[in-house]
Each structure stands twice: as structure tokens, then as C-alpha cells.
>>> print(open('protein27.txt').read())   # compact mmCIF, C-alpha atoms and all ligand atoms
# COMPACT_ATOMS: atom_id res chain seq x y z
CA MET A 222 132.03 164.78 47.08
CA GLU A 223 132.69 167.03 50.06
CA ASP A 224 135.26 169.85 49.83
CA LEU A 225 137.53 169.70 52.89
CA GLY A 226 139.85 172.45 51.68
CA GLY A 227 141.72 174.13 54.53
CA LYS A 228 140.88 171.42 57.04
CA LEU A 229 143.50 169.15 58.59
CA LEU A 230 142.81 165.43 58.14
CA MET A 231 144.17 163.11 60.80
CA PRO A 232 143.41 159.63 62.14
CA GLY A 233 140.55 159.44 64.64
CA MET A 234 141.74 159.77 68.21
CA ILE A 235 141.96 157.00 70.82
CA ASP A 236 140.82 157.43 74.43
CA ALA A 237 142.53 154.70 76.45
CA HIS A 238 140.40 155.01 79.62
CA VAL A 239 136.88 156.38 79.97
CA HIS A 240 133.65 155.49 81.83
CA TYR A 241 130.42 155.71 79.82
CA PRO A 242 128.16 155.31 82.90
CA GLN A 243 129.62 158.50 84.34
CA THR A 244 128.35 160.66 81.47
CA ASP A 245 125.64 162.30 83.56
CA ILE A 246 127.76 162.87 86.67
CA ILE A 247 130.64 164.63 84.90
CA ALA A 248 131.58 167.80 86.81
CA SER A 249 130.40 166.61 90.22
CA PRO A 250 132.18 168.37 93.08
CA ALA A 251 133.96 166.23 95.70
CA SER A 252 136.97 166.43 97.96
CA GLY A 253 138.88 163.63 96.24
CA LEU A 254 138.60 160.23 94.57
CA LEU A 255 137.04 158.12 97.31
CA PRO A 256 134.33 160.63 98.35
CA TRP A 257 133.59 161.25 94.67
CA LEU A 258 133.10 157.52 94.08
CA ASN A 259 130.81 157.11 97.08
CA THR A 260 128.75 160.27 96.64
CA TYR A 261 128.19 160.40 92.89
CA THR A 262 129.67 157.50 90.97
CA PHE A 263 128.34 154.42 92.71
CA PRO A 264 124.73 155.68 93.02
CA GLU A 265 124.66 156.59 89.32
CA GLU A 266 126.19 153.29 88.24
CA GLY A 267 123.34 151.54 90.04
CA CYS A 268 120.96 152.77 87.31
CA PHE A 269 122.71 150.64 84.67
CA ASP A 270 120.93 147.44 85.60
CA ASP A 271 118.19 148.88 83.38
CA PRO A 272 119.07 148.09 79.74
CA GLU A 273 116.96 150.96 78.41
CA TYR A 274 118.72 153.48 80.61
CA ALA A 275 122.10 152.03 79.65
CA THR A 276 121.24 152.12 75.94
CA GLU A 277 120.24 155.78 76.03
CA VAL A 278 123.38 156.87 77.90
CA ALA A 279 125.64 154.72 75.69
CA GLY A 280 124.20 156.32 72.55
CA PHE A 281 124.73 159.83 73.86
CA PHE A 282 128.22 158.96 75.08
CA LEU A 283 129.31 157.52 71.72
CA ASP A 284 127.87 160.42 69.74
CA THR A 285 129.66 162.87 72.03
CA LEU A 286 132.95 161.03 71.60
CA LEU A 287 132.55 161.07 67.82
CA ALA A 288 131.64 164.74 67.71
CA GLY A 289 134.88 165.47 69.60
CA GLY A 290 137.03 163.35 67.26
CA THR A 291 137.43 160.16 69.31
CA THR A 292 136.76 157.05 67.24
CA THR A 293 138.15 154.34 69.55
CA ALA A 294 138.10 154.08 73.34
CA ALA A 295 138.70 151.60 76.15
CA VAL A 296 135.43 151.97 78.02
CA TYR A 297 134.31 150.92 81.47
CA CYS A 298 130.72 149.76 81.74
CA THR A 299 129.19 148.92 85.15
CA VAL A 300 129.10 145.68 87.07
CA HIS A 301 125.89 144.70 85.25
CA PRO A 302 126.47 142.48 82.19
CA GLN A 303 123.51 144.23 80.53
CA SER A 304 125.43 147.53 80.70
CA ALA A 305 128.11 145.95 78.51
CA ASP A 306 125.55 144.44 76.14
CA ALA A 307 123.87 147.83 75.75
CA PHE A 308 127.17 149.56 75.12
CA PHE A 309 128.44 147.07 72.55
CA ALA A 310 125.10 147.14 70.73
CA GLN A 311 125.28 150.94 70.41
CA SER A 312 128.92 150.78 69.33
CA GLU A 313 128.14 148.08 66.76
CA LYS A 314 125.26 150.17 65.43
CA ARG A 315 127.77 152.97 64.73
CA ASN A 316 130.39 150.48 63.48
CA MET A 317 132.97 151.84 65.93
CA ARG A 318 136.18 150.07 66.97
CA MET A 319 135.61 149.91 70.73
CA ILE A 320 137.09 148.09 73.70
CA ALA A 321 134.69 147.59 76.61
CA GLY A 322 133.62 145.19 79.31
CA LYS A 323 131.70 144.61 82.46
CA VAL A 324 133.28 146.01 85.63
CA MET A 325 134.07 143.52 88.39
CA MET A 326 133.59 144.35 92.08
CA ASP A 327 132.94 141.82 94.81
CA ARG A 328 133.60 143.98 97.89
CA HIS A 329 133.80 147.54 99.23
CA ALA A 330 131.00 148.92 97.07
CA PRO A 331 127.24 149.22 97.71
CA ASP A 332 125.41 145.88 97.63
CA PHE A 333 123.54 146.80 94.45
CA LEU A 334 126.91 147.01 92.63
CA LEU A 335 128.48 143.78 93.82
CA ASP A 336 129.04 140.62 91.83
CA THR A 337 130.88 137.55 93.09
CA ALA A 338 134.13 135.88 92.12
CA GLU A 339 132.16 132.98 90.63
CA SER A 340 129.50 134.96 88.75
CA VAL A 341 132.25 137.00 87.08
CA ALA A 342 133.78 133.96 85.41
CA ALA A 343 130.58 132.83 83.74
CA GLN A 344 129.43 136.36 82.86
CA SER A 345 132.79 137.30 81.38
CA GLU A 346 133.02 134.19 79.25
CA THR A 347 129.52 134.77 77.91
CA LEU A 348 130.31 138.39 77.08
CA ILE A 349 133.67 137.50 75.48
CA GLN A 350 132.00 134.93 73.28
CA ARG A 351 129.21 137.31 72.40
CA TRP A 352 131.27 140.42 71.66
CA HIS A 353 135.02 139.92 71.35
CA GLY A 354 135.84 140.11 67.65
CA LYS A 355 132.19 140.63 66.65
CA GLY A 356 132.51 143.25 63.93
CA ARG A 357 134.77 145.90 65.43
CA GLN A 358 134.06 145.14 69.10
CA LEU A 359 136.80 144.05 71.51
CA TYR A 360 136.39 142.81 75.07
CA ALA A 361 138.30 143.85 78.22
CA LEU A 362 138.35 142.24 81.66
CA MET A 363 137.87 145.03 84.20
CA PRO A 364 138.45 144.59 87.88
CA ARG A 365 137.56 148.20 88.82
CA PHE A 366 140.59 148.57 91.11
CA ALA A 367 142.25 146.26 93.57
CA PRO A 368 140.34 147.49 96.66
CA THR A 369 136.97 146.42 95.22
CA SER A 370 138.04 142.88 94.32
CA THR A 371 138.84 139.97 96.63
CA ASP A 372 141.88 137.77 96.08
CA ALA A 373 139.50 135.15 94.68
CA GLN A 374 138.10 137.55 92.08
CA LEU A 375 141.53 138.77 90.99
CA ARG A 376 142.76 135.18 90.76
CA LEU A 377 139.83 134.28 88.53
CA THR A 378 140.44 137.34 86.40
CA GLY A 379 144.07 136.28 85.97
CA GLU A 380 142.90 132.84 84.84
CA LEU A 381 140.54 134.39 82.32
CA ALA A 382 143.34 136.69 81.12
CA ALA A 383 145.57 133.66 80.54
CA ALA A 384 142.80 131.73 78.78
CA TYR A 385 142.00 134.68 76.47
CA PRO A 386 145.37 136.32 75.69
CA ASP A 387 143.97 138.62 73.00
CA VAL A 388 141.30 140.01 75.31
CA PHE A 389 142.19 143.32 76.99
CA ILE A 390 142.50 144.05 80.70
CA GLN A 391 141.90 147.41 82.28
CA SER A 392 141.96 148.83 85.76
CA HIS A 393 143.04 151.77 87.92
CA VAL A 394 146.38 151.98 89.73
CA ALA A 395 148.40 154.38 91.90
CA GLU A 396 145.94 157.22 91.39
CA ASN A 397 145.45 158.66 94.86
CA ARG A 398 147.49 158.42 98.06
CA ASP A 399 144.55 157.26 100.24
CA GLU A 400 143.67 154.63 97.64
CA ILE A 401 147.28 153.36 97.54
CA LYS A 402 147.43 153.06 101.31
CA TRP A 403 144.13 151.17 101.29
CA ALA A 404 145.26 148.79 98.52
CA LEU A 405 148.48 147.98 100.37
CA GLU A 406 146.57 147.29 103.58
CA LEU A 407 144.21 144.95 101.74
CA PHE A 408 147.00 143.08 99.97
CA PRO A 409 149.79 142.86 102.56
CA GLY A 410 153.13 141.64 101.29
CA SER A 411 152.78 143.35 97.90
CA ARG A 412 155.84 145.29 96.77
CA SER A 413 153.60 148.07 95.48
CA TYR A 414 150.03 148.68 94.32
CA LEU A 415 150.96 147.67 90.77
CA ASP A 416 152.49 144.49 92.15
CA VAL A 417 149.03 143.40 93.38
CA TYR A 418 147.94 143.13 89.74
CA GLU A 419 151.17 141.44 88.69
CA ARG A 420 150.80 138.76 91.36
CA PHE A 421 147.44 137.79 89.87
CA GLY A 422 148.74 137.61 86.29
CA LEU A 423 147.19 140.90 85.22
CA LEU A 424 150.28 142.62 83.81
CA ARG A 425 150.74 141.73 80.19
CA GLU A 426 150.32 143.12 76.69
CA ARG A 427 146.83 144.60 76.17
CA ALA A 428 146.63 145.47 79.89
CA VAL A 429 145.83 149.16 80.33
CA TYR A 430 146.27 150.84 83.71
CA GLY A 431 144.78 154.26 84.31
CA HIS A 432 146.69 156.98 86.19
CA GLY A 433 149.99 155.47 87.53
CA ILE A 434 150.76 158.84 89.07
CA TRP A 435 152.58 157.42 92.06
CA PHE A 436 154.57 154.64 90.36
CA GLU A 437 157.96 153.77 91.78
CA ASP A 438 160.91 153.18 89.40
CA GLU A 439 160.41 149.42 89.63
CA ASP A 440 156.74 149.78 88.69
CA CYS A 441 157.72 151.63 85.51
CA GLN A 442 160.18 148.88 84.70
CA ARG A 443 157.59 146.14 85.28
CA MET A 444 155.16 147.96 82.99
CA VAL A 445 157.82 148.01 80.27
CA GLN A 446 158.93 144.42 80.79
CA THR A 447 155.39 143.06 80.69
CA GLY A 448 154.13 145.24 77.82
CA ALA A 449 151.39 146.86 79.94
CA VAL A 450 150.26 150.40 79.08
CA ALA A 451 149.76 153.46 81.28
CA ALA A 452 146.75 155.60 80.38
CA LEU A 453 147.38 159.29 81.11
CA CYS A 454 144.34 160.97 82.64
CA PRO A 455 145.36 164.61 83.21
CA THR A 456 141.94 166.28 83.48
CA SER A 457 140.79 163.73 86.04
CA ASN A 458 144.05 163.78 87.99
CA ARG A 459 143.84 167.52 88.39
CA PHE A 460 140.08 167.64 88.97
CA LEU A 461 140.18 165.05 91.75
CA GLY A 462 143.47 166.45 93.09
CA SER A 463 145.10 163.05 92.63
CA GLY A 464 148.50 164.34 91.48
CA LEU A 465 150.66 165.05 88.45
CA PHE A 466 151.97 162.23 86.25
CA ASP A 467 155.77 161.87 86.36
CA PHE A 468 156.89 162.10 82.73
CA LEU A 469 160.58 162.15 83.62
CA GLY A 470 160.30 158.79 85.41
CA ALA A 471 158.07 157.27 82.72
CA ASP A 472 160.35 158.37 79.90
CA LYS A 473 163.47 157.21 81.70
CA ALA A 474 161.93 153.72 81.72
CA ARG A 475 160.45 154.15 78.19
CA MET A 476 157.04 153.18 79.51
CA PRO A 477 154.31 152.72 76.86
CA LEU A 478 151.76 155.52 77.22
CA ALA A 479 148.35 156.33 75.84
CA MET A 480 146.05 159.32 76.31
CA ALA A 481 142.79 159.22 78.17
CA THR A 482 140.01 161.47 79.39
CA ASP A 483 138.80 159.29 82.31
CA MET A 484 135.48 161.11 81.90
CA GLY A 485 133.49 161.48 84.45
CA GLY A 486 136.42 161.87 86.86
CA GLY A 487 137.87 163.66 83.87
CA THR A 488 136.20 166.92 82.97
CA SER A 489 136.05 166.63 79.17
CA PHE A 490 135.21 164.12 76.45
CA SER A 491 137.71 165.83 74.17
CA LEU A 492 141.24 164.56 73.65
CA LEU A 493 142.24 167.98 72.27
CA GLN A 494 141.20 169.51 75.59
CA THR A 495 143.04 166.69 77.32
CA MET A 496 146.21 167.64 75.40
CA ASN A 497 145.83 171.17 76.72
CA GLU A 498 146.00 169.90 80.29
CA LEU A 499 148.57 167.18 79.61
CA HIS A 500 150.99 169.74 78.28
CA LYS A 501 150.66 171.83 81.43
CA VAL A 502 151.06 168.81 83.71
CA ALA A 503 154.28 167.86 81.93
CA ARG A 504 155.46 171.45 82.22
CA MET A 505 154.85 171.46 85.98
CA GLY A 506 157.10 168.39 86.21
CA GLY A 507 159.89 169.95 84.15
CA THR A 508 159.16 168.18 80.84
CA HIS A 509 158.37 169.88 77.54
CA LEU A 510 155.89 167.50 76.03
CA SER A 511 155.95 168.33 72.34
CA VAL A 512 152.65 168.75 70.59
CA VAL A 513 153.73 166.26 67.93
CA ARG A 514 154.15 163.69 70.68
CA MET A 515 150.73 164.50 72.12
CA PHE A 516 149.09 163.98 68.72
CA TYR A 517 151.12 160.78 68.36
CA LEU A 518 149.93 159.52 71.76
CA ALA A 519 146.33 160.29 70.80
CA THR A 520 146.61 158.34 67.51
CA LEU A 521 149.35 155.92 66.39
CA GLY A 522 151.12 155.89 69.76
CA GLY A 523 147.92 154.86 71.53
CA ALA A 524 147.17 152.30 68.81
CA ARG A 525 150.67 150.80 69.17
CA ALA A 526 150.42 150.67 72.96
CA LEU A 527 147.09 148.83 72.62
CA LYS A 528 148.40 146.56 69.83
CA LEU A 529 145.79 147.96 67.47
CA ASP A 530 148.20 149.66 65.06
CA GLY A 531 147.47 147.03 62.41
CA MET A 532 143.92 148.41 62.29
CA ILE A 533 143.75 152.02 63.41
CA GLY A 534 145.86 155.05 64.33
CA SER A 535 147.35 155.98 60.96
CA PHE A 536 146.69 156.40 57.24
CA ALA A 537 148.94 153.46 56.28
CA PRO A 538 147.51 151.24 53.51
CA GLY A 539 145.01 148.71 54.83
CA MET A 540 144.02 150.68 57.92
CA GLU A 541 140.38 151.03 58.87
CA ALA A 542 139.35 154.49 57.66
CA ASP A 543 138.54 156.17 60.97
CA PHE A 544 139.57 159.79 60.55
CA ILE A 545 138.65 163.35 61.46
CA ALA A 546 138.94 166.83 59.97
CA LEU A 547 140.12 169.69 62.17
CA ASP A 548 138.60 173.02 61.17
CA PRO A 549 140.80 176.12 61.43
CA GLN A 550 137.67 178.29 61.25
CA ALA A 551 135.97 176.55 64.18
CA THR A 552 136.08 179.66 66.36
CA PRO A 553 137.05 183.26 65.58
CA LEU A 554 139.99 183.09 67.98
CA LEU A 555 141.27 179.80 66.53
CA ALA A 556 141.06 181.28 63.03
CA ARG A 557 143.07 184.36 64.07
CA ARG A 558 145.73 182.32 65.87
CA ILE A 559 146.06 179.80 63.05
CA ALA A 560 146.46 182.62 60.53
CA ARG A 561 149.68 183.52 62.40
CA THR A 562 151.15 180.00 62.58
CA GLY A 563 154.19 179.24 60.42
CA THR A 564 155.01 175.61 61.14
CA LEU A 565 153.11 172.36 61.57
CA GLU A 566 154.14 172.37 65.23
CA GLU A 567 152.59 175.79 65.77
CA LEU A 568 149.45 174.76 63.93
CA LEU A 569 148.97 171.60 65.99
CA PHE A 570 149.75 173.51 69.17
CA ALA A 571 147.00 176.01 68.39
CA TYR A 572 144.52 173.13 68.00
CA ALA A 573 145.72 171.52 71.25
CA MET A 574 145.56 174.70 73.32
CA LEU A 575 142.50 176.39 71.79
CA GLY A 576 140.60 173.67 69.98
CA GLY A 577 138.58 171.30 72.16
CA ALA A 578 135.65 169.37 70.72
CA GLN A 579 134.46 172.32 68.66
CA ALA A 580 137.60 172.19 66.48
CA VAL A 581 136.49 168.87 65.03
CA GLY A 582 134.78 169.67 61.75
CA GLY A 583 133.96 166.09 60.73
CA THR A 584 134.39 162.48 61.81
CA TRP A 585 134.43 159.40 59.58
CA ILE A 586 133.99 155.85 60.84
CA ALA A 587 135.32 153.15 58.51
CA GLY A 588 135.06 155.68 55.71
CA LYS A 589 131.49 156.74 56.48
CA ARG A 590 130.70 160.27 57.65
CA PHE A 591 129.26 160.47 61.17
CA VAL A 592 126.18 162.65 61.17
CA PRO A 593 125.60 164.29 64.57
CA ARG A 594 122.15 163.91 66.07
CA GLY A 595 119.80 166.63 65.01
CA ALA A 596 121.87 167.36 61.87
CA SER A 597 120.12 164.98 59.48
N1 LIG B 1 139.14 154.24 90.86
C1 LIG B 1 138.17 153.31 90.99
N2 LIG B 1 137.09 153.62 90.27
C2 LIG B 1 137.36 154.80 89.67
C3 LIG B 1 136.63 155.64 88.78
O1 LIG B 1 135.50 155.37 88.40
N3 LIG B 1 137.27 156.77 88.38
C4 LIG B 1 138.53 157.09 88.78
N4 LIG B 1 139.09 158.22 88.33
N5 LIG B 1 139.22 156.32 89.61
C5 LIG B 1 138.65 155.19 90.05
ZN ZN B 2 138.78 155.75 85.55
>>> encode(input="protein27.txt", output="C-alpha cells")
Amino acid sequence: MEDLGGKLLMPGMIDAHVHYPQTDIIASPASGLLPWLNTYTFPEEGCFDDPEYATEVAGFFLDTLLAGGTTTAAVYCTVHPQSADAFFAQSEKRNMRMIAGKVMMDRHAPDFLLDTAESVAAQSETLIQRWHGKGRQLYALMPRFAPTSTDAQLRLTGELAAAYPDVFIQSHVAENRDEIKWALELFPGSRSYLDVYERFGLLRERAVYGHGIWFEDEDCQRMVQTGAVAALCPTSNRFLGSGLFDFLGADKARMPLAMATDMGGGTSFSLLQTMNELHKVARMGGTHLSVVRMFYLATLGGARALKLDGMIGSFAPGMEADFIALDPQATPLLARRIARTGTLEELLFAYAMLGGAQAVGGTWIAGKRFVPRGAS
């Protein structure tokens, strides 16, 4: 029996949008989203046609998530089906509750990263049958973002989404002004960028859209009415200079939200570090985002938005026992600051502002302690 005296136990955290193939290009300098994709992201993603390469990166990625207290994530793979197979196999080995899928792109990317509308249908069905509901694995359909899919590919994705209603969908939306302009040029007649996805049947429950920085009021309302979720990606949005999420607008509409790192556009694997930046982003927009709400968004709130709250996100009876222990002694400064806290709010705030991955003193997956590599 392990003595966890003094540590704070909480449910494992949920990262609603992250890219495992970008692990080794985190912190790559670029002048914005589109140059960053072309210079660093696409060349690196090309390596994931090699299952051995993909397996090694997936293992490191998952261990790094766990060490930082994240036990569930919605994870982009690459366009190669084998990148998804490698990821799910590593996740299954660790018995983690993960959402993942093959990325779809049939235009506006290097040739070595393109699939076709037709190949996507067969590949996705094979992967859904192989992985969705196998142990703790869950599948997501992932058109990368509207500009890299043709109408035909998005239409097919919508058909798959209708045929498999309990499968997830994830994509990017309204992240960057140049990207929005491009999307609207490619899909003329759309009311907005989000509307492109809606027209192809891709707004529904279990659909997770990263960023949504530049949503119009009607977009927020459509998200609410369809049950789609916005994944907040503050470290990425600031790193790539994409913009600041509009909490006032989102809250006015009561839009379902979840927290996300968006690593490698994001600069950290840690959701505690992400809280640090999220709080400041909200502040810049005139909102005081309470720390209790940030912890909620990273746990039960995220689970509810993803319709996974019957499995994860809380300590309610019957939940899968994914949990973490935060360590007040993790760093000398954290220990000193926590010694001065008087309320739960102050305590959580200290973890959010000063904690990061190093504040996580233990992670349990389905009740079993995760042992970091090199520690056994
Ligand atoms: N838009 C399309 N692809 C990506 C990606 O990989 N990262 C981010 N942040 N935005 C994107
Ligand atoms: Zn992303």
C-alpha cells in the first residue's frame, strides 16, 4: 500500500485535441500556422508511413502524457492507416482510454501525405472495425481541416459519420485569419468556416473542433444546437499567433468546451501548463476564468462534452479508475506557495500557475500505477 498523504487525488485529465506525430517538432519556430505546417509539420508527418517509427513516437507520446497527468486524449495520427494502428496498439498496451484516427487529406498537402476520397472510406471502415470499442479504444473520423479535403472527401466523411453515430469526429476550425479566408474561397456559398462542416453533416454530438477563435455568434449557436464541442488550445493559439479565444461569446451561447494542448502547435504536453495560459487568455478578453472551472474543463467537463462522463472524468461509483496525485512538494517554490494557501481555490490556482507536468506525483490507469520509463 502506497502512502499518498499530503497529495491531492483527482481524476486523470482529458486533452481534447493533440497530435502525436508532432512530438518531435514541438517548439519549431514559424511565422504562423500555414508556414509552420509546410515547413515542419508535413515533412515530419511523412515519416509515419513507417510503422516502427510510428510505434516508437506513439510510445514516447503516451508516456509523456501520462507523466503529466493526462489519461485520455483525442489524438490526431497521420494520413497513413498504419500510424493509427501503431498508436492504438501502444494505447491498448497501456490500457488507456484514447480517441484517435487516421487523418484525411486529399488535396493541398505534399503528395506523400495525400489519400483519396475513395481510399478513405475503406480505410476508415477497416480501422473502425478493428479499433472502435476494442478495450478502451475509440475511433474518430479526422478530416484535417476543410482546405485539405475536397467536397467529395467531406461528403464521404459525413456519410461515415451518419453510419457510425457513436464514432467521434475531429477537425480544426476558425483558427487563423489566412486559413479562414482560404477555406471560404474553397467552399464558396458557405455562411462561415464552421458552416462548411455543417453542410457535410459533420456537426453533431462527439464532434470536436479545435480552436474556434474566430467564431461568429451564429457559429456558437450552431455548436450548441448540434452538440459539437470546441477544444480550447491556448498554448498553440498564442505560439502560432492565431488569436485569443472569445470566452464572453462562448459563454453567452453556453457552448460546450473542453481543454486541449494541440501539441506540437501547442508548446506543452501538460494540461496544468495549459491552464496557466488559458487563464491569461481569458483575462485578456475580460473574463475571470475560475480555477475550479479550469479543473472542471480538464476532467468532468471535458468528459461530459465528449459524452464519456459515464466512464471517466470523476470519482463517481462505476467510473474507470483513471486518476492522478498532485504533489505539493514537487518543487521548492510550489511547496512554499502551497504552504500559504488557505482555500481549495488558492491551492488549485497554485497548481495551475506553478505546477506543470512536474506537479504530477503519480498516475493510475484503470487502477494500475503507471511506472515511468527508466523508473522500474
Ligand atoms: N490546421 C490544420 N492542421 C493543423 C495542425 O496540425 N495544427 C494546428 N494547430 N492547426 C492545424
Ligand atoms: Zn491541431
>>> axis_aligned_box(input="protein27.txt", around="ligand LIG 1 (chain B)", padding_each_side="8 Å", output="AutoDock Vina command-line options")
--center_x 137.4 --center_y 155.8 --center_z 89.7 --size_x 19.7 --size_y 20.9 --size_z 18.7
>>> residues_near_ligand(input="protein27.txt", ligand="ligand ZN 2 (chain B)", cutoff="9 Å", atoms="all atoms listed in the file", output="list in words")
His238, Val239, His240, Tyr297, Arg365, Ser392, His393, Gly431, His432, Cys454, Ser457, Thr482, Asp483, Met484, Gly485, Gly486 and Gly487 of chain A
>>> residues_around(input="protein27.txt", residues="Gly280 of chain A", least_positions_apart="2", cutoff="8 Å", atoms="all atoms listed in the file", output="PyMOL selection string")
chain A and resi 276-278+282-284+308+311-312
>>> closest_residue(input="protein27.txt", among="A:Leu375, A:Ala342, A:Ala321, A:Ala275", to="Gln358 of chain A", atoms="all atoms listed in the file")
A:Ala321
>>> atom_distance(input="protein27.txt", atom1="atom CA of Ala524 of chain A", atom2="atom CA of Pro538 of chain A")
15.3 Å
>>> closest_residue(input="protein27.txt", among="A:Thr285, A:Ser463, A:Thr520, A:Thr371", to="ligand LIG 1 (chain B)", atoms="all atoms listed in the file")
A:Ser463
>>> atom_distance(input="protein27.txt", atom1="atom CA of Phe366 of chain A", atom2="atom N5 of ligand LIG 1 (chain B)")
8.0 Å
>>> atom_distance(input="protein27.txt", atom1="atom CA of Thr369 of chain A", atom2="atom CA of His329 of chain A")
5.2 Å
>>> closest_residue(input="protein27.txt", among="A:Gln350, A:Asn397, A:Thr552, A:Gln442", to="ligand LIG 1 (chain B)", atoms="only C-alpha atoms and all ligand atoms")
A:Asn397
>>> closest_residue(input="protein27.txt", among="A:Thr293, A:Thr488, A:Thr562, A:Thr584", to="ligand LIG 1 (chain B)", atoms="all atoms listed in the file")
A:Thr488
>>> closest_residue(input="protein27.txt", among="A:Phe389, A:Trp585, A:Phe309, A:Phe544", to="Leu527 of chain A", atoms="all atoms listed in the file")
A:Phe389
